[in-house]
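Engineer: File target39.csv follows (CSV, C-alpha atoms):
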chain,number,residue,atom,x,y,z
A,1,MET,CA,71.5,96.3,42.1
A,2,GLN,CA,70.1,98.4,39.3
A,3,VAL,CA,72.6,98.8,36.5
A,4,SER,CA,71.0,102.2,35.7
A,5,ARG,CA,72.2,103.4,39.1
A,6,TYR,CA,75.8,102.6,38.2
A,7,PHE,CA,77.6,105.9,38.0
A,8,ASP,CA,81.2,104.7,37.9
A,9,HIS,CA,81.7,104.1,34.2
A,10,ALA,CA,85.1,105.8,34.3
A,11,ALA,CA,86.3,102.9,36.5
A,12,THR,CA,84.9,100.2,34.2
A,13,THR,CA,81.8,99.5,32.1
A,14,PRO,CA,79.4,96.6,31.8
A,15,LEU,CA,80.3,94.0,29.2
A,16,ARG,CA,78.0,94.6,26.2
A,17,ARG,CA,75.9,91.6,25.2
A,18,GLU,CA,77.0,91.9,21.6
A,19,VAL,CA,80.6,91.8,22.7
A,20,LEU,CA,80.0,88.6,24.8
A,21,GLU,CA,78.4,86.9,21.9
A,22,GLU,CA,81.3,87.8,19.6
A,23,MET,CA,83.8,86.4,22.2
A,24,GLU,CA,81.9,83.2,23.1
A,25,PRO,CA,83.2,80.9,20.3
A,26,PHE,CA,86.8,81.9,21.2
A,27,LEU,CA,86.2,80.8,24.8
A,28,THR,CA,84.8,77.4,23.7
A,29,THR,CA,85.3,75.8,20.2
A,30,LEU,CA,87.8,78.2,18.7
A,31,PHE,CA,90.5,77.6,21.3
A,32,GLY,CA,93.6,77.3,19.1
A,33,ASN,CA,96.9,79.2,19.7
A,34,PRO,CA,97.3,81.8,17.0
A,35,SER,CA,101.0,81.1,16.8
A,36,SER,CA,100.3,77.5,15.7
A,37,LEU,CA,100.5,76.5,12.1
A,38,HIS,CA,97.6,74.0,12.0
A,39,GLN,CA,94.0,75.0,11.2
A,40,PHE,CA,93.1,75.4,14.8
A,41,GLY,CA,95.7,78.1,15.1
A,42,LEU,CA,95.3,79.7,11.7
A,43,THR,CA,91.6,80.2,12.2
A,44,VAL,CA,92.1,82.2,15.4
A,45,LYS,CA,95.1,84.0,14.0
A,46,GLU,CA,92.8,85.3,11.2
A,47,ALA,CA,90.3,86.5,13.8
A,48,VAL,CA,93.1,88.3,15.7
A,49,GLU,CA,94.3,90.1,12.5
A,50,LYS,CA,90.7,91.1,11.6
A,51,ALA,CA,90.3,92.5,15.0
A,52,ARG,CA,93.6,94.4,14.6
A,53,GLU,CA,92.2,96.0,11.5
A,54,THR,CA,89.0,97.0,13.3
A,55,VAL,CA,90.8,98.6,16.2
A,56,ALA,CA,93.3,100.4,13.9
A,57,HIS,CA,90.5,101.8,11.7
A,58,ALA,CA,88.7,103.1,14.8
A,59,ILE,CA,91.6,105.5,15.6
A,60,GLY,CA,92.8,106.2,12.0
A,61,ALA,CA,95.8,103.9,12.2
A,62,ARG,CA,97.2,101.1,10.1
A,63,PRO,CA,96.9,97.5,11.4
A,64,LYS,CA,100.6,97.0,11.7
A,65,GLU,CA,100.7,100.0,14.1
A,66,ILE,CA,98.5,98.3,16.7
A,67,ILE,CA,100.1,96.2,19.5
A,68,PHE,CA,97.7,94.3,21.8
A,69,THR,CA,98.6,94.4,25.5
A,70,GLY,CA,97.1,93.0,28.7
A,71,SER,CA,96.0,96.3,30.2
A,72,GLY,CA,96.0,100.1,29.8
A,73,THR,CA,98.8,100.2,32.4
A,74,GLU,CA,101.0,97.9,30.3
A,75,SER,CA,100.2,100.0,27.3
A,76,ASP,CA,101.3,103.2,29.1
A,77,ASN,CA,104.4,101.4,30.5
A,78,ILE,CA,105.6,100.2,27.1
A,79,ALA,CA,105.1,103.7,25.7
A,80,VAL,CA,106.9,105.5,28.4
A,81,LEU,CA,109.6,103.1,29.6
A,82,GLY,CA,110.1,101.4,26.3
A,83,THR,CA,110.5,104.6,24.3
A,84,ALA,CA,112.7,106.4,26.8
A,85,ARG,CA,115.1,103.5,27.3
A,86,TYR,CA,115.4,102.9,23.5
A,87,LEU,CA,116.1,106.5,22.7
A,88,ARG,CA,118.7,106.8,25.5
A,89,GLN,CA,120.4,103.7,24.1
A,90,GLN,CA,120.5,105.6,20.8
A,91,LYS,CA,122.2,108.6,22.5
A,92,LYS,CA,119.2,110.8,21.7
A,93,GLY,CA,118.8,112.3,25.2
A,94,ASN,CA,117.6,111.5,28.7
A,95,HIS,CA,114.9,114.1,29.4
A,96,ILE,CA,111.1,113.4,29.4
A,97,ILE,CA,108.1,115.5,30.3
A,98,VAL,CA,104.8,114.3,31.8
A,99,SER,CA,101.9,116.3,33.3
A,100,GLN,CA,101.3,116.2,37.0
A,101,ILE,CA,97.9,114.8,36.5
A,102,GLU,CA,98.8,111.7,34.5
A,103,HIS,CA,97.4,108.3,35.4
A,104,PRO,CA,99.7,106.4,37.9
A,105,ALA,CA,100.6,104.1,35.0
A,106,VAL,CA,102.5,107.0,33.5
A,107,LEU,CA,103.6,108.8,36.7
A,108,GLU,CA,105.1,105.7,38.3
A,109,ALA,CA,106.8,104.8,35.0
A,110,ALA,CA,108.3,108.3,35.0
A,111,ARG,CA,109.5,107.9,38.6
A,112,ALA,CA,111.1,104.6,37.7
A,113,LEU,CA,113.0,106.3,34.9
A,114,GLU,CA,114.2,109.0,37.3
A,115,ARG,CA,115.7,106.2,39.4
A,116,GLU,CA,117.5,105.0,36.3
A,117,GLY,CA,119.1,108.4,35.8
A,118,PHE,CA,116.6,110.1,33.5
A,119,GLU,CA,115.6,113.7,34.0
A,120,VAL,CA,111.8,114.2,34.4
A,121,THR,CA,109.8,117.4,34.3
A,122,TYR,CA,106.3,117.2,35.8
A,123,LEU,CA,104.4,119.8,33.9
A,124,PRO,CA,101.8,121.8,36.0
A,125,VAL,CA,98.2,122.4,35.1
A,126,ASP,CA,95.9,125.3,35.6
A,127,GLU,CA,93.0,125.5,38.1
A,128,ASN,CA,90.8,123.7,35.5
A,129,GLY,CA,93.3,120.9,35.0
A,130,ARG,CA,94.7,122.0,31.6
A,131,VAL,CA,98.3,122.1,30.6
A,132,SER,CA,99.8,125.2,29.1
A,133,ILE,CA,101.4,124.8,25.6
A,134,ILE,CA,103.5,127.8,26.4
A,135,GLU,CA,104.7,126.2,29.6
A,136,LEU,CA,105.4,123.0,27.8
A,137,GLU,CA,107.4,124.7,25.1
A,138,ARG,CA,109.4,126.5,27.8
A,139,GLU,CA,110.4,123.1,29.3
A,140,LEU,CA,111.6,121.6,26.1
A,141,ARG,CA,115.3,121.0,25.8
A,142,PRO,CA,117.7,119.7,23.2
A,143,GLU,CA,117.9,116.4,25.2
A,144,THR,CA,114.0,116.0,25.5
A,145,ILE,CA,113.1,112.7,23.9
A,146,LEU,CA,109.6,112.0,25.0
A,147,VAL,CA,106.4,113.8,26.2
A,148,SER,CA,103.4,112.1,27.6
A,149,ILE,CA,100.2,114.0,28.2
A,150,MET,CA,96.9,112.3,28.7
A,151,HIS,CA,94.0,113.1,26.3
A,152,ALA,CA,91.3,113.3,29.0
A,153,ASN,CA,91.8,113.0,32.7
A,154,ASN,CA,90.1,110.1,34.4
A,155,VAL,CA,89.3,112.1,37.6
A,156,THR,CA,87.9,115.3,36.3
A,157,GLY,CA,87.2,114.5,32.6
A,158,THR,CA,89.2,117.6,31.5
A,159,VAL,CA,90.3,117.3,27.8
A,160,GLN,CA,93.8,118.5,26.9
A,161,PRO,CA,94.9,120.3,23.7
A,162,ILE,CA,96.5,117.2,22.3
A,163,ALA,CA,96.5,118.2,18.6
A,164,GLU,CA,98.2,121.5,19.3
A,165,ILE,CA,100.8,119.8,21.6
A,166,GLY,CA,101.4,117.2,18.9
A,167,SER,CA,102.0,119.8,16.2
A,168,LEU,CA,104.5,121.6,18.4
A,169,LEU,CA,106.4,118.4,19.3
A,170,HIS,CA,106.5,117.2,15.7
A,171,GLU,CA,108.2,120.5,14.8
A,172,ARG,CA,110.7,119.8,17.6
A,173,HIS,CA,111.1,116.1,16.6
A,174,VAL,CA,110.1,115.0,20.1
A,175,ILE,CA,108.2,111.7,20.5
A,176,PHE,CA,104.7,112.2,21.8
A,177,HIS,CA,102.5,109.7,23.7
A,178,THR,CA,99.0,110.2,24.9
A,179,ASP,CA,96.9,108.1,27.2
A,180,ALA,CA,93.5,108.1,25.5
A,181,ILE,CA,91.9,105.4,27.7
A,182,GLN,CA,89.1,107.6,29.0
A,183,SER,CA,88.5,109.5,25.8
A,184,PHE,CA,88.4,106.6,23.3
A,185,GLY,CA,84.8,106.0,22.3
A,186,LYS,CA,83.6,109.2,24.0
A,187,ILE,CA,85.0,111.9,21.8
A,188,PRO,CA,86.9,111.8,18.5
A,189,VAL,CA,90.2,110.0,18.7
A,190,ASP,CA,92.2,110.0,15.5
A,191,VAL,CA,96.0,109.5,15.7
A,192,ASN,CA,96.6,111.7,12.6
A,193,ASP,CA,94.4,114.6,13.8
A,194,LEU,CA,96.0,114.4,17.2
A,195,HIS,CA,99.6,114.3,15.8
A,196,VAL,CA,100.7,111.6,18.2
A,197,ASP,CA,103.3,108.9,17.9
A,198,LEU,CA,102.0,106.6,20.6
A,199,LEU,CA,98.5,106.2,22.0
A,200,SER,CA,97.0,103.9,24.6
A,201,ILE,CA,93.5,102.6,24.6
A,202,ASN,CA,91.6,100.0,26.6
A,203,ALA,CA,88.6,97.7,26.0
A,204,HIS,CA,86.8,97.7,29.4
A,205,LYS,CA,86.2,101.5,29.4
A,206,LEU,CA,83.8,101.1,26.4
A,207,GLY,CA,81.8,97.9,27.1
A,208,GLY,CA,84.6,95.5,26.2
A,209,PRO,CA,86.3,92.8,28.4
A,210,LYS,CA,88.9,93.5,31.0
A,211,GLY,CA,92.5,92.3,30.5
A,212,ILE,CA,92.9,93.6,26.9
A,213,ALA,CA,94.2,96.9,25.7
A,214,ALA,CA,96.3,98.3,22.8
A,215,LEU,CA,99.2,100.6,22.1
A,216,TYR,CA,99.3,102.5,18.8
A,217,MET,CA,102.9,102.9,17.6
A,218,ARG,CA,103.4,105.1,14.6
A,219,LYS,CA,105.4,103.5,11.8
A,220,GLY,CA,109.1,104.0,12.6
A,221,ILE,CA,108.8,104.3,16.4
A,222,ARG,CA,111.0,101.9,18.2
A,223,VAL,CA,110.8,100.7,21.9
A,224,THR,CA,112.8,98.5,24.2
A,225,PRO,CA,110.5,95.6,25.2
A,226,LEU,CA,109.6,95.2,28.9
A,227,VAL,CA,109.0,91.5,28.5
A,228,TYR,CA,111.0,88.9,26.6
A,229,GLY,CA,109.9,85.7,25.0
A,230,GLY,CA,108.4,84.8,21.7
A,231,GLY,CA,107.7,87.0,18.7
A,232,GLN,CA,104.1,87.8,19.3
A,233,GLU,CA,103.0,91.4,18.7
A,234,ARG,CA,106.2,92.1,16.8
A,235,GLY,CA,108.2,91.1,19.9
A,236,ILE,CA,107.1,94.2,21.7
A,237,ARG,CA,104.6,92.3,23.9
A,238,PRO,CA,105.6,88.6,23.5
A,239,ALA,CA,103.0,86.3,25.0
A,240,THR,CA,100.2,84.1,23.7
A,241,GLN,CA,97.5,86.5,22.6
A,242,ASN,CA,94.2,86.8,24.5
A,243,VAL,CA,92.2,85.9,21.5
A,244,ALA,CA,88.7,86.2,23.0
A,245,GLY,CA,89.7,89.5,24.6
A,246,ILE,CA,91.1,90.9,21.3
A,247,VAL,CA,87.9,89.9,19.4
A,248,GLY,CA,85.8,91.4,22.1
A,249,PHE,CA,87.8,94.6,22.1
A,250,ALA,CA,87.3,94.9,18.3
A,251,LYS,CA,83.6,94.5,18.7
A,252,ALA,CA,83.4,97.0,21.5
A,253,ALA,CA,85.4,99.5,19.4
A,254,GLU,CA,83.2,98.9,16.3
A,255,LEU,CA,80.0,99.6,18.4
A,256,ALA,CA,81.5,102.6,20.0
A,257,MET,CA,82.5,104.1,16.7
A,258,THR,CA,79.0,103.5,15.2
A,259,GLU,CA,77.2,105.0,18.2
A,260,ARG,CA,79.7,107.7,19.3
A,261,VAL,CA,78.2,110.8,17.9
A,262,ARG,CA,74.7,109.9,19.1
A,263,GLU,CA,75.9,108.7,22.5
A,264,GLN,CA,78.2,111.8,23.0
A,265,GLU,CA,75.2,114.1,22.5
A,266,ARG,CA,73.0,112.0,24.8
A,267,LEU,CA,75.6,112.0,27.6
A,268,GLU,CA,76.1,115.7,27.2
A,269,ARG,CA,72.4,116.3,27.8
A,270,LEU,CA,72.4,114.0,30.8
A,271,ARG,CA,75.5,115.7,32.2
A,272,SER,CA,73.9,119.2,31.8
A,273,ARG,CA,70.6,117.9,33.4
A,274,LEU,CA,72.4,116.4,36.4
A,275,LEU,CA,74.6,119.5,36.9
A,276,ASP,CA,71.6,121.8,36.8
A,277,LYS,CA,69.7,119.7,39.4
A,278,LEU,CA,72.7,119.5,41.7
A,279,GLN,CA,73.6,123.2,41.5
A,280,SER,CA,70.1,124.3,42.1
A,281,SER,CA,69.5,122.0,45.1
A,282,ILE,CA,72.8,121.8,47.0
A,283,SER,CA,74.6,124.8,48.4
A,284,GLY,CA,78.3,124.9,48.6
A,285,LEU,CA,78.7,122.7,45.6
A,286,LYS,CA,81.7,123.3,43.3
A,287,MET,CA,82.7,121.8,39.9
A,288,ASN,CA,86.2,120.4,39.5
A,289,GLY,CA,87.5,120.5,35.9
A,290,ASP,CA,87.1,122.5,32.8
A,291,THR,CA,83.6,123.7,31.9
A,292,LYS,CA,84.4,123.9,28.2
A,293,TYR,CA,86.9,121.2,27.4
A,294,HIS,CA,85.5,118.1,29.1
A,295,LEU,CA,84.3,114.5,28.4
A,296,PRO,CA,80.5,114.2,28.1
A,297,ASN,CA,80.2,111.5,30.8
A,298,ILE,CA,82.3,112.7,33.8
A,299,ILE,CA,81.4,115.2,36.5
A,300,ASN,CA,83.6,115.9,39.5
A,301,ILE,CA,82.2,117.9,42.3
A,302,SER,CA,83.1,118.9,45.8
A,303,VAL,CA,80.5,119.7,48.5
A,304,ASP,CA,81.6,122.0,51.4
A,305,GLN,CA,82.3,120.2,54.7
A,306,ILE,CA,81.5,116.7,53.5
A,307,GLU,CA,84.2,114.3,52.4
A,308,GLY,CA,83.7,112.7,49.1
A,309,GLN,CA,84.2,109.2,50.5
A,310,ALA,CA,81.4,109.8,53.0
A,311,LEU,CA,79.1,110.8,50.1
A,312,MET,CA,80.1,107.8,48.1
A,313,LEU,CA,79.4,105.4,51.0
A,314,GLU,CA,76.0,107.0,51.7
A,315,LEU,CA,75.1,106.9,48.0
A,316,ASP,CA,76.2,103.2,47.9
A,317,ARG,CA,73.8,102.5,50.8
A,318,LEU,CA,71.0,103.9,48.6
A,319,GLY,CA,72.0,101.8,45.7
A,320,PHE,CA,74.1,104.3,43.7
A,321,ALA,CA,77.7,103.6,42.6
A,322,THR,CA,80.0,106.6,42.4
A,323,SER,CA,83.6,107.2,43.2
A,324,SER,CA,85.7,109.4,45.5
A,325,GLY,CA,88.8,108.9,43.3
A,326,SER,CA,90.2,106.8,40.5
A,327,ALA,CA,89.6,103.0,40.8
A,328,CYS,CA,93.3,102.4,40.7
A,329,SER,CA,93.8,104.4,43.9
A,330,SER,CA,90.5,104.1,45.7
A,331,GLY,CA,92.0,102.0,48.5
A,332,ASN,CA,93.9,105.0,49.7
A,333,HIS,CA,91.9,107.6,51.6
A,334,GLU,CA,94.2,110.5,50.5
A,335,PRO,CA,93.3,113.7,48.7
A,336,SER,CA,93.3,113.4,44.9
A,337,TYR,CA,96.7,114.4,43.6
A,338,VAL,CA,94.9,115.5,40.4
A,339,LEU,CA,92.9,118.1,42.4
A,340,LEU,CA,96.0,119.1,44.4
A,341,ALA,CA,97.8,119.7,41.1
A,342,MET,CA,94.9,122.0,40.1
A,343,ASN,CA,95.8,124.1,43.2
A,344,LYS,CA,92.8,122.9,45.2
A,345,SER,CA,93.2,122.7,49.0
A,346,THR,CA,93.6,119.4,50.7
A,347,GLU,CA,90.1,119.9,52.3
A,348,HIS,CA,88.6,120.6,48.9
A,349,ALA,CA,90.3,117.6,47.3
A,350,LEU,CA,89.0,115.3,50.1
A,351,GLU,CA,85.5,116.6,49.4
A,352,SER,CA,85.5,115.5,45.8
A,353,LEU,CA,83.1,113.0,44.3
A,354,ARG,CA,83.3,111.6,40.7
A,355,ILE,CA,80.1,110.8,38.9
A,356,SER,CA,80.6,109.0,35.5
A,357,MET,CA,77.9,108.0,33.2
A,358,GLY,CA,77.5,105.5,30.4
A,359,SER,CA,75.2,103.4,28.2
A,360,SER,CA,73.1,102.3,31.2
A,361,THR,CA,72.5,105.9,32.4
A,362,THR,CA,69.0,107.3,31.8
A,363,GLU,CA,67.1,110.5,32.5
A,364,GLN,CA,65.3,108.8,35.3
A,365,SER,CA,68.5,107.5,36.9
A,366,VAL,CA,70.1,110.9,36.7
A,367,ASP,CA,67.0,112.4,38.4
A,368,GLU,CA,67.1,109.7,41.1
A,369,LEU,CA,70.8,110.3,41.7
A,370,ALA,CA,70.3,114.1,42.1
A,371,GLU,CA,67.5,113.5,44.6
A,372,ALA,CA,69.6,110.9,46.5
A,373,LEU,CA,72.6,113.3,46.7
A,374,HIS,CA,70.4,116.1,47.9
A,375,GLN,CA,68.9,113.8,50.5
A,376,VAL,CA,72.4,112.6,51.7
A,377,VAL,CA,73.8,116.2,51.9
A,378,THR,CA,70.7,117.5,53.7
A,379,GLU,CA,70.7,114.7,56.3
A,380,TRP,CA,74.5,115.0,56.8
A,381,ARG,CA,74.3,118.7,57.5
A,382,ARG,CA,71.3,118.5,59.7
A,383,ALA,CA,72.9,115.8,61.9
A,384,ARG,CA,76.0,118.0,62.3
A,385,ASN,CA,74.2,121.3,62.6
A,386,ILE,CA,76.0,122.6,59.5
A,387,PRO,CA,74.2,125.6,58.0
A,388,PHE,CA,72.7,125.1,54.5
A,389,THR,CA,70.4,127.3,52.4
A,390,HIS,CA,68.5,124.7,50.3
Spell out the structure here as structure tokens.
Structural biologist:
Amino acid sequence: MQVSRYFDHAATTPLRREVLEEMEPFLTTLFGNPSSLHQFGLTVKEAVEKARETVAHAIGARPKEIIFTGSGTESDNIAVLGTARYLRQQKKGNHIIVSQIEHPAVLEAARALEREGFEVTYLPVDENGRVSIIELERELRPETILVSIMHANNVTGTVQPIAEIGSLLHERHVIFHTDAIQSFGKIPVDVNDLHVDLLSINAHKLGGPKGIAALYMRKGIRVTPLVYGGGQERGIRPATQNVAGIVGFAKAAELAMTERVREQERLERLRSRLLDKLQSSISGLKMNGDTKYHLPNIINISVDQIEGQALMLELDRLGFATSSGSACSSGNHEPSYVLLAMNKSTEHALESLRISMGSSTTEQSVDELAEALHQVVTEWRRARNIPFTH
């Protein structure tokens, strides 16, 4: 397998060599428990707190506002379930708002809250996958306690107007959470500029290890824990910390911040190059997502009369890794709920293919993918006598 032909970076990314080297001592000689008071423990505790500072700095936060978690899903769950439950206990209200295109980690948490008696509004999006601030404002009530809108969608790459939403919600004194797992490291993510109270980020989307993520909690925000035990992570996520993962996360965040501007520009060029080649060589190809507000590394397309899963499997046979949906739901051959929420037909949604680029993507690999996709579409249509113009 050629890593340059890996076009599924939105699902996960290769572990960077620099990150592995940073982690290695904490997988071998520096094995202490950071909660222990002897030197073995104090040494690794110092590393954890240094990493916390690095991750906090990367998003404009303070170290005490960072809670390390075991996954992005856990981060989202703590933000949504923990905040809603705490605020209802404080008699603040029982209404929350999430968009229809949130990651399942948010949507399923919202549905769980509905079963507990909360009222949930699922905010619609337009045909490009963007929420309307006017529509959001219309749905706000005196009993609204929490809004969760993702920064950038994992299926289409569409970026939401988070800063504007945050400003509105702060004026209304409503707690605001955003899932920034896809956007962190790709575009600017600063908790102060975005006006958010809670923000979820993950290591393995930017060259870090799996099994480690973080939740930013603005000072003064309170949540009801989902897990009970010791006092680690301020009691919000009590468990022995994954020290090697935390150290690796910090290194990946540091590298991403150092390289972000250059890498964002490079990926934008590759994205434009790939789109130009695909649109000029394949008839019946449609873009899914916003053409102005988007991540630099994600392209979602639909090709008339060819299911995305079929395209994905044929490309895999040729050595290219793509996706016909998010990695969290790829076991289900169902139309993307994100595209359905964008008012696409079931047929159109089933025809979607996600291509996501990263550090291993090159001009050559983009050109090779474009040629392979053209070949697959041409052979598919010829075998089925489907008319095509290219």
Engineer: Nearest residue to A:Ser360 out of A:Ile149, A:Leu267, A:Leu140, A:Ile96, using only C-alpha atoms?
Structural biologist: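 When distances to A:Ser360 are compared using only C-alpha atoms, the smallest one comes from A:Leu267.
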Engineer: Please, what distance in Å, to one decimal, runs between atom CA of A:Leu369 and atom CA of A:Phe7?
Structural biologist: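 For atom CA of A:Leu369 relative to atom CA of A:Phe7, the distance reads 8.9 Å.
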Engineer: So, with all atoms listed in the file as the atoms that count, which of A:Leu373, A:Asn94, A:Gly235, A:Tyr293 lies closest to A:Ile162?
Structural biologist: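 Closest to A:Ile162, using all atoms listed in the file: A:Tyr293.
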Engineer: Calculated over only C-alpha atoms, which of the candidates A:Ile145, A:Val174, A:Leu295, A:Val227 has the smallest distance to A:Lys91?
Structural biologist: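 Checking each of A:Ile145, A:Val174, A:Leu295, A:Val227 against A:Lys91, counting only C-alpha atoms, the winner is A:Ile145.
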Engineer: At what distance in Å, to one decimal, does atom CA of A:Glu65 lie from atom CA of A:Gly229?
Structural biologist: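 Here the two named atoms are 20.2 Å from each other.
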Engineer: Using all atoms listed in the file, can you tell me which of A:Ile201, A:Ala51, A:Val120, A:Leu315 comes closest to A:Glu22?
Structural biologist: A:Ala51
Engineer: Using only C-alpha atoms for the distances, tell me which of A:Ala341, A:Ile133, A:Ile175, A:Ala110 is nearest to A:Gly93.
Structural biologist: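 Nearest candidate to A:Gly93 out of A:Ala341, A:Ile133, A:Ile175, A:Ala110: A:Ile175.
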Engineer: For A:Arg218, work out the shell of residues within 12 Å, counting all atoms listed in the file and skipping chain neighbours fewer than 3 positions away, then give it as a PyMOL selection string.
Structural biologist: chain A and resi 56+59-67+79+175-177+191-192+195-200+215+221-223
Engineer: Which residue gives the smallest distance to A:Ile236 among A:Pro335, A:Thr83, A:Gln39, A:Glu21, with all atoms listed in the file counted?
Structural biologist: A:Thr83
Engineer: I'd like the interatomic distance between atom CA of A:Leu15 and atom CA of A:Ala214, to a tenth of an Å.
Structural biologist: 17.8 Å
Engineer: Could you pull out every residue with an atom within 7 Å of (85.3, 107.6, 32.1), file coordinates, counting all atoms listed in the file, and send them as a short mmCIF file (atom, residue, chain, number, x, y, z; two decimals) with C-alpha atoms, in the coordinates of the input?
Structural biologist:
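What follows is the written file result24.cif:
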data_model
loop_
_atom_site.label_atom_id
_atom_site.label_comp_id
_atom_site.auth_asym_id
_atom_site.auth_seq_id
_atom_site.Cartn_x
_atom_site.Cartn_y
_atom_site.Cartn_z
CA HIS A 9 81.70 104.10 34.20
CA ALA A 10 85.10 105.80 34.30
CA ALA A 11 86.30 102.90 36.50
CA ASN A 154 90.10 110.10 34.40
CA GLN A 182 89.10 107.60 29.00
CA LYS A 205 86.20 101.50 29.40
CA ASN A 297 80.20 111.50 30.80
CA ILE A 298 82.30 112.70 33.80
CA SER A 356 80.60 109.00 35.50
#
Engineer: Leaving out stretch 42-50 of chain A and any residue of its chain fewer than 2 positions from it, which residues lie within 10 Å of it when counting only C-alpha atoms, given as a ChimeraX atom specification?
Structural biologist: /A:26,30-40,52-56,63-64,68,241-247,250
Engineer: Name the residues, using the chain letters and numbers of the file, that sit within 10 Å of (104.0, 118.9, 32.8) when counting only C-alpha atoms, and give them as an MDAnalysis selection string.
Structural biologist: chainID A and resid 96:102 120:125 130:133 135:136 139 147:149
Engineer: Excluding same-chain residues fewer than 2 positions from A:Leu275, what lies within 10 Å of it counting all atoms listed in the file, as a tab-separated table (two decimals) with C-alpha atoms, in the coordinates of the input?
Structural biologist:
chain	number	residue	atom	x	y	z
A	269	ARG	CA	72.40	116.30	27.80
A	270	LEU	CA	72.40	114.00	30.80
A	271	ARG	CA	75.50	115.70	32.20
A	272	SER	CA	73.90	119.20	31.80
A	273	ARG	CA	70.60	117.90	33.40
A	277	LYS	CA	69.70	119.70	39.40
A	278	LEU	CA	72.70	119.50	41.70
A	279	GLN	CA	73.60	123.20	41.50
A	280	SER	CA	70.10	124.30	42.10
A	281	SER	CA	69.50	122.00	45.10
A	287	MET	CA	82.70	121.80	39.90
A	299	ILE	CA	81.40	115.20	36.50
A	301	ILE	CA	82.20	117.90	42.30
A	366	VAL	CA	70.10	110.90	36.70
A	370	ALA	CA	70.30	114.10	42.10
Engineer: Could you pull the residues within 9 Å of A:Gly185, counting all atoms listed in the file, minus those fewer than 4 positions along the same chain, as an mmCIF file with C-alpha atoms, keeping the file's coordinate frame?
Structural biologist:
data_model
loop_
_atom_site.group_PDB
_atom_site.id
_atom_site.type_symbol
_atom_site.label_atom_id
_atom_site.label_comp_id
_atom_site.auth_asym_id
_atom_site.auth_seq_id
_atom_site.Cartn_x
_atom_site.Cartn_y
_atom_site.Cartn_z
ATOM 1 C CA ALA A 58 88.700 103.100 14.800
ATOM 2 C CA ILE A 181 91.900 105.400 27.700
ATOM 3 C CA VAL A 189 90.200 110.000 18.700
ATOM 4 C CA LYS A 205 86.200 101.500 29.400
ATOM 5 C CA LEU A 206 83.800 101.100 26.400
ATOM 6 C CA ALA A 253 85.400 99.500 19.400
ATOM 7 C CA LEU A 255 80.000 99.600 18.400
ATOM 8 C CA ALA A 256 81.500 102.600 20.000
ATOM 9 C CA MET A 257 82.500 104.100 16.700
ATOM 10 C CA GLU A 259 77.200 105.000 18.200
ATOM 11 C CA ARG A 260 79.700 107.700 19.300
ATOM 12 C CA GLN A 264 78.200 111.800 23.000
#
Engineer: Residues within 12 Å of A:Leu318, please, as a list in words. Count only C-alpha atoms; anything in the same chain fewer than 6 positions from it doesn't count.
Structural biologist: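 The neighbour list is Met1, Gln2, Arg5, Tyr6, Leu311, Met312, Glu368, Leu369, Glu371, Ala372, Leu373, Gln375 and Val376 of chain A.
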Engineer: For the selection you just gave me, I'd like the residues written to a file as a JSON list (two decimals), in the coordinates of the input, keeping C-alpha atoms.
Structural biologist:
[["chain", "number", "residue", "atom", "x", "y", "z"],
["A", 1, "MET", "CA", 71.50, 96.30, 42.10],
["A", 2, "GLN", "CA", 70.10, 98.40, 39.30],
["A", 5, "ARG", "CA", 72.20, 103.40, 39.10],
["A", 6, "TYR", "CA", 75.80, 102.60, 38.20],
["A", 311, "LEU", "CA", 79.10, 110.80, 50.10],
["A", 312, "MET", "CA", 80.10, 107.80, 48.10],
["A", 368, "GLU", "CA", 67.10, 109.70, 41.10],
["A", 369, "LEU", "CA", 70.80, 110.30, 41.70],
["A", 371, "GLU", "CA", 67.50, 113.50, 44.60],
["A", 372, "ALA", "CA", 69.60, 110.90, 46.50],
["A", 373, "LEU", "CA", 72.60, 113.30, 46.70],
["A", 375, "GLN", "CA", 68.90, 113.80, 50.50],
["A", 376, "VAL", "CA", 72.40, 112.60, 51.70]]
